[in-house]
Every structure is written in C-alpha cells, then in structure tokens.
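> Below is target04.txt; it holds compact mmCIF, C-alpha atoms.
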```txt
# COMPACT_ATOMS: atom_id res chain seq x y z
CA MET A 1098 79.34 171.40 91.55
CA ALA A 1099 76.33 169.95 89.71
CA LEU A 1100 78.34 166.86 88.69
CA GLU A 1101 79.58 166.34 92.25
CA VAL A 1102 76.02 166.47 93.62
CA TYR A 1103 74.90 164.06 90.89
CA MET A 1104 77.77 161.68 91.70
CA ARG A 1105 76.94 161.68 95.41
CA THR A 1106 73.30 160.96 94.64
CA MET A 1107 74.16 158.13 92.23
CA LEU A 1108 76.57 156.59 94.74
CA ARG A 1109 74.06 156.83 97.58
CA GLU A 1110 71.42 155.17 95.42
CA GLU A 1111 73.93 152.66 93.99
CA GLU A 1112 73.25 153.75 90.42
CA PHE A 1113 76.82 153.63 89.19
CA LEU A 1114 77.35 150.76 86.77
CA LEU A 1115 80.09 148.17 86.48
CA TYR A 1116 80.82 146.51 83.16
CA TYR A 1117 83.09 143.50 82.98
CA GLN A 1118 85.45 143.34 80.02
CA MET A 1119 86.70 139.85 79.26
CA GLN A 1120 90.42 139.24 78.94
CA TYR A 1121 91.65 136.37 76.79
CA ASP A 1122 94.94 134.65 76.21
CA LEU A 1123 96.15 134.83 72.61
CA TYR A 1124 94.58 131.46 71.86
CA GLY A 1125 91.05 132.41 72.90
CA LYS A 1126 90.85 131.09 76.46
CA ILE A 1127 89.31 133.45 79.02
CA ARG A 1128 91.95 134.72 81.44
CA GLY A 1129 89.66 136.89 83.54
CA MET A 1130 87.84 140.22 83.47
CA GLU A 1131 88.35 143.87 84.24
CA ALA A 1132 85.64 145.79 86.10
CA LEU A 1133 85.03 149.12 84.35
CA LEU A 1134 83.10 151.82 86.21
CA ARG A 1135 80.49 153.84 84.33
CA LEU A 1136 78.35 156.81 85.40
CA PRO A 1137 75.11 156.92 83.40
CA ASP A 1138 73.73 160.32 82.41
CA PRO A 1139 70.15 160.83 81.18
CA ASN A 1140 71.30 163.37 78.58
CA LEU A 1141 74.85 162.34 77.63
CA GLY A 1142 74.46 158.60 77.95
CA TYR A 1143 77.58 158.29 80.09
CA VAL A 1144 79.85 160.79 81.83
CA SER A 1145 83.46 160.39 80.71
CA PRO A 1146 85.43 158.34 83.30
CA ASP A 1147 88.33 160.77 82.91
CA ARG A 1148 86.00 163.48 84.15
CA PHE A 1149 84.23 161.82 87.06
CA ILE A 1150 87.21 159.84 88.38
CA THR A 1151 89.32 163.01 88.50
CA LEU A 1152 86.54 164.81 90.36
CA ALA A 1153 86.12 161.88 92.75
CA GLU A 1154 89.82 162.06 93.60
CA GLU A 1155 89.54 165.81 94.21
CA ASN A 1156 86.48 165.68 96.48
CA GLY A 1157 87.23 162.45 98.38
CA LEU A 1158 84.44 160.40 96.80
CA ILE A 1159 87.07 158.05 95.40
CA HIS A 1160 87.18 156.26 98.76
CA PRO A 1161 83.49 155.27 99.18
CA LEU A 1162 83.23 154.78 95.40
CA GLY A 1163 86.28 152.51 95.40
CA ARG A 1164 84.82 150.46 98.23
CA TRP A 1165 81.53 150.08 96.34
CA VAL A 1166 83.42 148.84 93.27
CA LEU A 1167 85.29 146.30 95.37
CA GLU A 1168 82.14 145.10 97.15
CA GLU A 1169 80.15 144.81 93.91
CA SER A 1170 82.98 142.95 92.16
CA CYS A 1171 83.20 140.49 95.05
CA ARG A 1172 79.44 139.97 94.91
CA LYS A 1173 79.65 139.06 91.24
CA LEU A 1174 82.68 136.84 91.80
CA LEU A 1175 80.72 134.73 94.27
CA GLN A 1176 78.02 134.31 91.65
CA TRP A 1177 80.36 133.47 88.78
CA ASN A 1178 82.73 131.28 90.79
CA ALA A 1179 80.06 129.08 92.31
CA PRO A 1180 81.12 125.50 93.14
CA GLY A 1181 81.54 123.41 90.01
CA ARG A 1182 82.58 126.31 87.80
CA ASP A 1183 86.08 127.18 86.68
CA PRO A 1184 87.05 130.26 88.74
CA VAL A 1185 87.66 133.55 86.99
CA ARG A 1186 89.61 136.57 88.22
CA VAL A 1187 88.34 140.16 88.22
CA ALA A 1188 90.64 143.17 88.07
CA VAL A 1189 89.52 146.40 89.74
CA ASN A 1190 91.16 149.78 89.23
CA VAL A 1191 92.59 151.37 92.36
CA SER A 1192 93.54 155.03 92.74
CA PRO A 1193 96.89 155.98 94.28
CA LEU A 1194 94.85 158.02 96.77
CA GLN A 1195 93.18 154.84 98.01
CA LEU A 1196 96.53 153.15 98.48
CA MET A 1197 97.83 156.14 100.43
CA ARG A 1198 94.96 155.96 102.91
CA SER A 1199 96.11 154.42 106.22
CA ASP A 1200 93.01 152.25 106.66
CA PHE A 1201 92.82 150.95 103.08
CA VAL A 1202 94.34 147.55 103.85
CA GLU A 1203 91.87 147.05 106.68
CA GLU A 1204 89.04 148.08 104.35
CA VAL A 1205 90.10 145.49 101.79
CA ARG A 1206 90.39 142.83 104.49
CA ASP A 1207 86.91 143.75 105.74
CA VAL A 1208 85.37 143.42 102.26
CA LEU A 1209 87.03 140.03 101.78
CA THR A 1210 85.76 138.81 105.16
CA GLN A 1211 82.21 140.01 104.59
CA SER A 1212 81.99 138.65 101.05
CA GLY A 1213 83.83 135.38 101.61
CA VAL A 1214 85.65 135.82 98.29
CA ASN A 1215 88.91 133.99 97.68
CA PRO A 1216 91.55 136.77 97.48
CA ALA A 1217 93.20 134.94 94.57
CA TRP A 1218 90.15 135.85 92.47
CA LEU A 1219 90.99 139.57 92.73
CA GLU A 1220 93.56 141.68 90.94
CA MET A 1221 94.09 145.38 91.63
CA GLU A 1222 95.16 147.58 88.73
CA ILE A 1223 97.35 150.57 89.44
CA THR A 1224 98.83 153.21 87.16
CA GLU A 1225 102.45 154.27 86.94
CA ARG A 1226 101.55 157.30 89.08
CA VAL A 1227 102.04 155.16 92.19
CA VAL A 1228 105.79 155.66 92.06
CA LEU A 1229 105.32 159.33 92.90
CA ASN A 1230 104.53 158.19 96.46
CA PHE A 1231 106.48 154.97 96.27
CA ASP A 1232 107.51 154.41 99.89
CA VAL A 1233 103.99 154.74 101.35
CA ILE A 1234 102.22 152.86 98.58
CA ALA A 1235 104.77 150.03 98.47
CA VAL A 1236 103.98 149.17 102.09
CA ARG A 1237 100.22 149.05 101.39
CA MET A 1238 100.75 146.94 98.27
CA ARG A 1239 102.87 144.40 100.12
CA GLU A 1240 100.25 144.09 102.87
CA ILE A 1241 97.47 143.60 100.32
CA SER A 1242 99.58 141.13 98.35
CA ALA A 1243 100.07 139.15 101.58
CA LEU A 1244 96.29 138.69 101.65
CA GLY A 1245 96.55 136.86 98.31
CA ILE A 1246 95.47 139.66 95.94
CA ARG A 1247 97.45 140.24 92.73
CA PHE A 1248 98.57 143.61 91.31
CA ALA A 1249 98.76 144.78 87.69
CA VAL A 1250 100.35 147.92 86.25
CA ASP A 1251 98.08 149.57 83.68
CA ASP A 1252 99.19 151.52 80.56
CA PHE A 1253 102.81 150.53 81.07
CA GLY A 1254 105.39 152.45 79.09
CA THR A 1255 103.77 155.89 79.21
CA GLY A 1256 104.51 157.06 82.75
CA TYR A 1257 107.07 157.03 85.51
CA SER A 1258 107.87 153.37 86.15
CA SER A 1259 111.39 152.06 86.28
CA LEU A 1260 112.80 148.57 86.56
CA GLN A 1261 113.90 149.40 90.08
CA HIS A 1262 110.34 150.21 91.16
CA LEU A 1263 108.80 147.25 89.37
CA ASN A 1264 111.26 144.88 90.97
CA ARG A 1265 110.46 146.21 94.46
CA LEU A 1266 106.66 146.02 94.15
CA PRO A 1267 104.49 142.88 94.34
CA ILE A 1268 103.35 143.14 90.71
CA SER A 1269 102.08 140.07 88.84
CA THR A 1270 100.94 141.65 85.56
CA VAL A 1271 102.15 144.39 83.21
CA LYS A 1272 99.67 145.83 80.69
CA ILE A 1273 101.25 147.30 77.55
CA ASP A 1274 99.72 150.65 76.64
CA ARG A 1275 97.44 150.54 73.59
CA SER A 1276 99.46 153.23 71.81
CA PHE A 1277 102.32 150.74 71.35
CA VAL A 1278 100.00 147.92 70.32
CA GLN A 1279 98.29 150.03 67.66
CA ARG A 1280 101.66 150.75 65.99
CA LEU A 1281 102.72 147.11 65.81
CA CYS A 1282 101.56 146.78 62.21
CA GLU A 1283 101.97 150.40 61.14
CA GLY A 1284 105.00 152.10 59.59
CA GLY A 1285 106.97 148.89 59.36
CA GLY A 1286 106.17 147.93 62.94
CA SER A 1287 107.69 151.00 64.58
CA SER A 1288 106.75 149.91 68.10
CA ILE A 1289 107.89 146.28 67.80
CA PRO A 1290 111.24 146.86 69.59
CA ILE A 1291 109.45 148.62 72.48
CA VAL A 1292 106.76 145.95 72.83
CA GLU A 1293 109.36 143.19 72.57
CA ALA A 1294 111.44 144.86 75.30
CA ILE A 1295 108.43 145.25 77.64
CA ILE A 1296 107.47 141.59 77.15
CA ALA A 1297 111.04 140.42 77.77
CA MET A 1298 111.29 142.62 80.87
CA GLY A 1299 107.98 141.33 82.23
CA HIS A 1300 108.94 137.71 81.69
CA SER A 1301 112.36 138.25 83.29
CA LEU A 1302 110.52 139.47 86.41
CA ASN A 1303 108.07 136.52 86.28
CA MET A 1304 105.18 138.80 85.33
CA GLU A 1305 102.30 138.12 82.99
CA VAL A 1306 102.08 140.56 80.07
CA VAL A 1307 98.75 141.83 78.71
CA ALA A 1308 98.45 143.85 75.49
CA GLU A 1309 95.74 146.53 75.52
CA GLY A 1310 93.89 147.83 72.48
CA VAL A 1311 94.25 144.79 70.17
CA GLU A 1312 92.00 145.58 67.21
CA ASP A 1313 92.77 143.09 64.46
CA LYS A 1314 94.25 139.68 63.71
CA ASN A 1315 97.54 141.07 62.42
CA GLN A 1316 98.22 142.69 65.79
CA MET A 1317 97.28 139.46 67.53
CA LYS A 1318 99.63 137.42 65.34
CA ALA A 1319 102.44 139.87 66.02
CA LEU A 1320 101.84 139.53 69.76
CA GLN A 1321 101.82 135.75 69.48
CA ARG A 1322 105.22 135.87 67.78
CA LEU A 1323 106.49 138.10 70.58
CA LYS A 1324 105.11 135.66 73.20
CA CYS A 1325 102.67 138.05 74.85
CA GLU A 1326 100.13 136.18 76.98
CA CYS A 1327 96.83 138.05 76.95
CA HIS A 1328 94.63 140.78 75.53
CA PRO A 1329 91.16 142.25 76.25
CA GLY A 1330 88.22 141.16 74.10
CA ILE A 1331 87.40 142.87 70.83
CA LEU A 1332 84.11 144.07 69.39
CA PRO A 1333 83.17 147.09 67.23
CA ARG A 1334 82.74 150.30 69.18
CA ALA A 1335 79.13 150.67 70.27
CA ALA A 1336 76.98 152.27 72.90
CA ALA A 1337 76.81 149.45 75.40
CA SER A 1338 73.74 148.71 77.46
CA ARG A 1339 73.97 147.09 80.89
CA ALA A 1340 75.96 143.92 80.34
CA GLY A 1341 73.76 140.88 80.00
CA ASP A 1342 70.80 142.96 78.81
CA ARG A 1343 69.59 143.59 75.28
CA GLY A 1344 71.84 143.71 72.25
CA TYR A 1345 74.47 141.10 73.16
CA PRO A 1346 74.51 137.54 71.84
CA GLU A 1347 74.26 134.78 74.40
CA SER A 1348 77.75 133.63 73.40
CA GLN A 1349 79.15 136.87 74.88
CA ARG A 1350 77.62 136.23 78.30
CA GLN A 1351 78.88 133.95 81.03
CA ASN A 1352 77.54 132.74 84.37
CA GLY A 1353 74.64 135.10 84.82
CA GLY A 1354 75.25 138.12 82.60
CA GLU A 1355 77.10 141.41 83.01
CA LEU A 1356 80.05 140.24 80.92
CA LEU A 1357 81.08 141.96 77.73
CA ALA A 1358 83.60 140.83 75.19
CA CYS A 1359 84.64 144.47 74.92
CA LEU A 1360 83.73 148.08 75.58
CA TRP A 1361 84.43 151.36 73.85
CA ASP A 1362 87.73 153.00 74.79
CA ILE A 1363 87.90 154.66 78.17
```
Any chance you could give the structure as structure tokens?

Amino acid sequence: MALEVYMRTMLREEEFLLYYQMQYDLYGKIRGMEALLRLPDPNLGYVSPDRFITLAEENGLIHPLGRWVLEESCRKLLQWNAPGRDPVRVAVNVSPLQLMRSDFVEEVRDVLTQSGVNPAWLEMEITERVVLNFDVIAVRMREISALGIRFAVDDFGTGYSSLQHLNRLPISTVKIDRSFVQRLCEGGGSSIPIVEAIIAMGHSLNMEVVAEGVEDKNQMKALQRLKCECHPGILPRAAASRAGDRGYPESQRQNGGELLACLWDI
C-alpha cells in the first residue's frame, strides 16, 4: 500500500524518470533509443521496475503512467528531431493491459496530434505475453500500425510466441533475449544455433533483429557473422544519474541530454 501511494504521488507530481538507452547497429551507427522508466526512491536509489510495473498493472496505474511515458517521449523526440537533424526513433514499452483497453488507440492518436510527432519516430515494444489475448490485441496493434508506429517484440525466445502469431502481427523488430546472447561465446557457443535461427526467422519475415545484452567484442563479432543488425549500447554497470547530468562524458550525450549509452540491467 505504501508503494502504491508513493507511485500515485510521484506520477501526479511527474517525478518518474525516463532514461534513453541508445541502440546501435553492429558498425557503431545509432539506430535509435529505448525509453526506460525509473522510479527514484530516497532510500533505495531506485525501485525495481519489476516491482512497480507489476503493481501498476494490478492497480490500474499502468494506464496513466503509460500515457505519461508516451507524452514525455514525444516531447523529447520533438527536441531531438528538430529541423536539420537526422531523425532518431524512440521505443517505448507497452503493457498488454494497455493494448487491451478499448480507448488505447484513440489515446495514442490524441498524443500524436497534441505533440505533432511523426509516428514513424515511435516504436512500441511488447512482450510475448500479448499472444495470451491475441485476437483483441492484434486488432489494436493493426490500428496503431496504420498510424505509422512500429512494433518490436522484446525478449524473444523466452515466452509464448510462435511463427503463426508473428506472421499475423504488424511487427517490425525482434529483440533476442540476453540469455541467448550471453551464451554465444560460452561453452563452445551453445546458443549459436538458436540465435542463428531467430535471426534467419526475423529476416524471412522482413523484420529487423536486435540482440540484447551484448557485453563484449567477441559477442559483437559473433553477431556480425550471423548478420544481426543492432544492439543496445554498452557501458560498465553503474548507478546512473539523470541522463545528461553529472558523470557522463559529452560524447555520450546527443541533442540536449538525457541519452545514455547504456543502463544497468532491468
């Protein structure tokens, strides 16, 4: 109960934080960013996302919180993608509960209209849980895709997805779960056949493939050989301050701050 009250207060006062993790192609060019939601805590530093996102889904806060994330991401996109700059894309995480809500498409359309953001600058990340309510969510996803927004499947390979579902959803990107990436160079490359199969499947469906959790150059070289397109940025694990504030070299910032080359694991 105390956490729920704290979350409601922080949302009302707009004290949640968004960090933006850069995503690169395997040759160092910036592909885009992922917006990562953080709840600061005066004693703990940060509340675990696994904890507060689960609670938000249970108590209904996921809906106003999700809208705030979308609005804030659009605000930053307008700043970063000002005329004369190469446009970047931001991915925001979306809960299956948001996609099941009947007015979610209208909410997204309203945020786009108010912000003036080009829908092509946005990507929505979903988990494999969406297939548990496939029929309802597929309709919402197609309507949102018709607006020009892309979809990505996060942590692919660990949940419920099937080729049938992937082929019937408007998905542009598949993100390989970090557990497979971390085993690429361990035990004789035990996960290479799985990663290779996911990449081949994604390409056969005209999807971009992103590898999560790349931690060293050997993993990157292995992914290059397997023709994987992208990965998130890498830095040593650290307690991150607000992006663009103290402790981050200027080379890790872009277009006004709040960009990080990486964050600690969620």
> Between atom CA of Trp1165 of chain A and atom CA of Gln1120 of chain A, what is the distance in Å, rounded to a tenth?
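Answer for the atom CA of Trp1165 of chain A to atom CA of Gln1120 of chain A separation: 22.3 Å.
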> Which of these, A:Thr1224, A:Ser1212, A:Gln1321, A:Ser1301, has the shortest distance to Asp1274 of chain A once you count only C-alpha atoms?
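Answer, going by the shortest atom-to-atom distance: A:Thr1224.
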> How many Å lie between atom CA of Ile1268 of chain A and atom CA of Ala1308 of chain A, rounded to one decimal?
16.0 Å
> Between atom CA of Gln1195 of chain A and atom CA of His1160 of chain A, what is the spacing in Å?
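Pair atom CA of His1160 of chain A / atom CA of Gln1195 of chain A returns 6.2 Å.
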> Taking the point (77.7, 161.8, 89.2) as given in the file, collect each protein or nucleic acid residue that comes within 9 Å of it, counting only C-alpha atoms, and present the set as a tab-separated table (two decimals) with C-alpha atoms, in the frame of the given file.

```tsv
chain	number	residue	atom	x	y	z
A	1099	ALA	CA	76.33	169.95	89.71
A	1100	LEU	CA	78.34	166.86	88.69
A	1101	GLU	CA	79.58	166.34	92.25
A	1102	VAL	CA	76.02	166.47	93.62
A	1103	TYR	CA	74.90	164.06	90.89
A	1104	MET	CA	77.77	161.68	91.70
A	1105	ARG	CA	76.94	161.68	95.41
A	1106	THR	CA	73.30	160.96	94.64
A	1107	MET	CA	74.16	158.13	92.23
A	1108	LEU	CA	76.57	156.59	94.74
A	1113	PHE	CA	76.82	153.63	89.19
A	1136	LEU	CA	78.35	156.81	85.40
A	1137	PRO	CA	75.11	156.92	83.40
A	1138	ASP	CA	73.73	160.32	82.41
A	1144	VAL	CA	79.85	160.79	81.83
A	1149	PHE	CA	84.23	161.82	87.06
```
> Which is closer to Arg1247 of chain A than all the others in A:His1328, A:Arg1186, A:Lys1126, A:Arg1135, using only C-alpha atoms?
A:Arg1186
> Tell me which of A:Met1197, A:Leu1141, A:Met1317, A:Val1271 sits closest to Leu1302 of chain A, counting only C-alpha atoms.
A:Val1271
> Tell me, as JSON, numbers by chain, which residues lie within 12 Å of Ser1288 of chain A, counting only C-alpha atoms; anything in the same chain fewer than 2 positions away does not count.
{"A": [1254, 1273, 1274, 1275, 1276, 1277, 1278, 1279, 1280, 1281, 1282, 1283, 1284, 1285, 1286, 1290, 1291, 1292, 1293, 1294, 1295, 1316, 1319, 1320]}
> Counting all atoms listed in the file, figure out which residue out of A:Ile1234, A:Val1166, A:Leu1194, A:Leu1123 gets nearest to Val1307 of chain A.
A:Leu1123
> Calculated over all atoms listed in the file, which of the candidates A:Lys1318, A:His1262, A:Lys1173, A:Arg1148 has the smallest distance to Gly1213 of chain A?
A:Lys1173
> What's around Ser1170 of chain A at 9 Å? Count all atoms listed in the file, leave out sequence neighbours fewer than 3 positions away in its own chain, and write the answer as JSON, numbers by chain.
{"A": [1115, 1132, 1165, 1166, 1167, 1173, 1174, 1175, 1187, 1188, 1189, 1219]}
> To box segment 1125-1130 of chain A, take all atoms listed in the file, fit an axis-aligned box, add 8 Å on each side, and give centre and edge lengths in Å to one decimal, as AutoDock Vina command-line options.

```
--center_x 89.9 --center_y 135.7 --center_z 78.2 --size_x 20.1 --size_y 25.1 --size_z 26.6
```
> I'd like the neighbourhood of segment 1242-1244 of chain A as a VMD selection string, where a residue qualifies if any of its atoms comes within 7 Å (using all atoms listed in the file), though same-chain residues fewer than 4 positions away should be ignored.
chain A and resid 1216 1238 1267
> Considering only C-alpha atoms, state which residue in the set A:Thr1151, A:Ser1287, A:Ser1145, A:Ser1269 is at the smallest distance from Gly1245 of chain A.
A:Ser1269
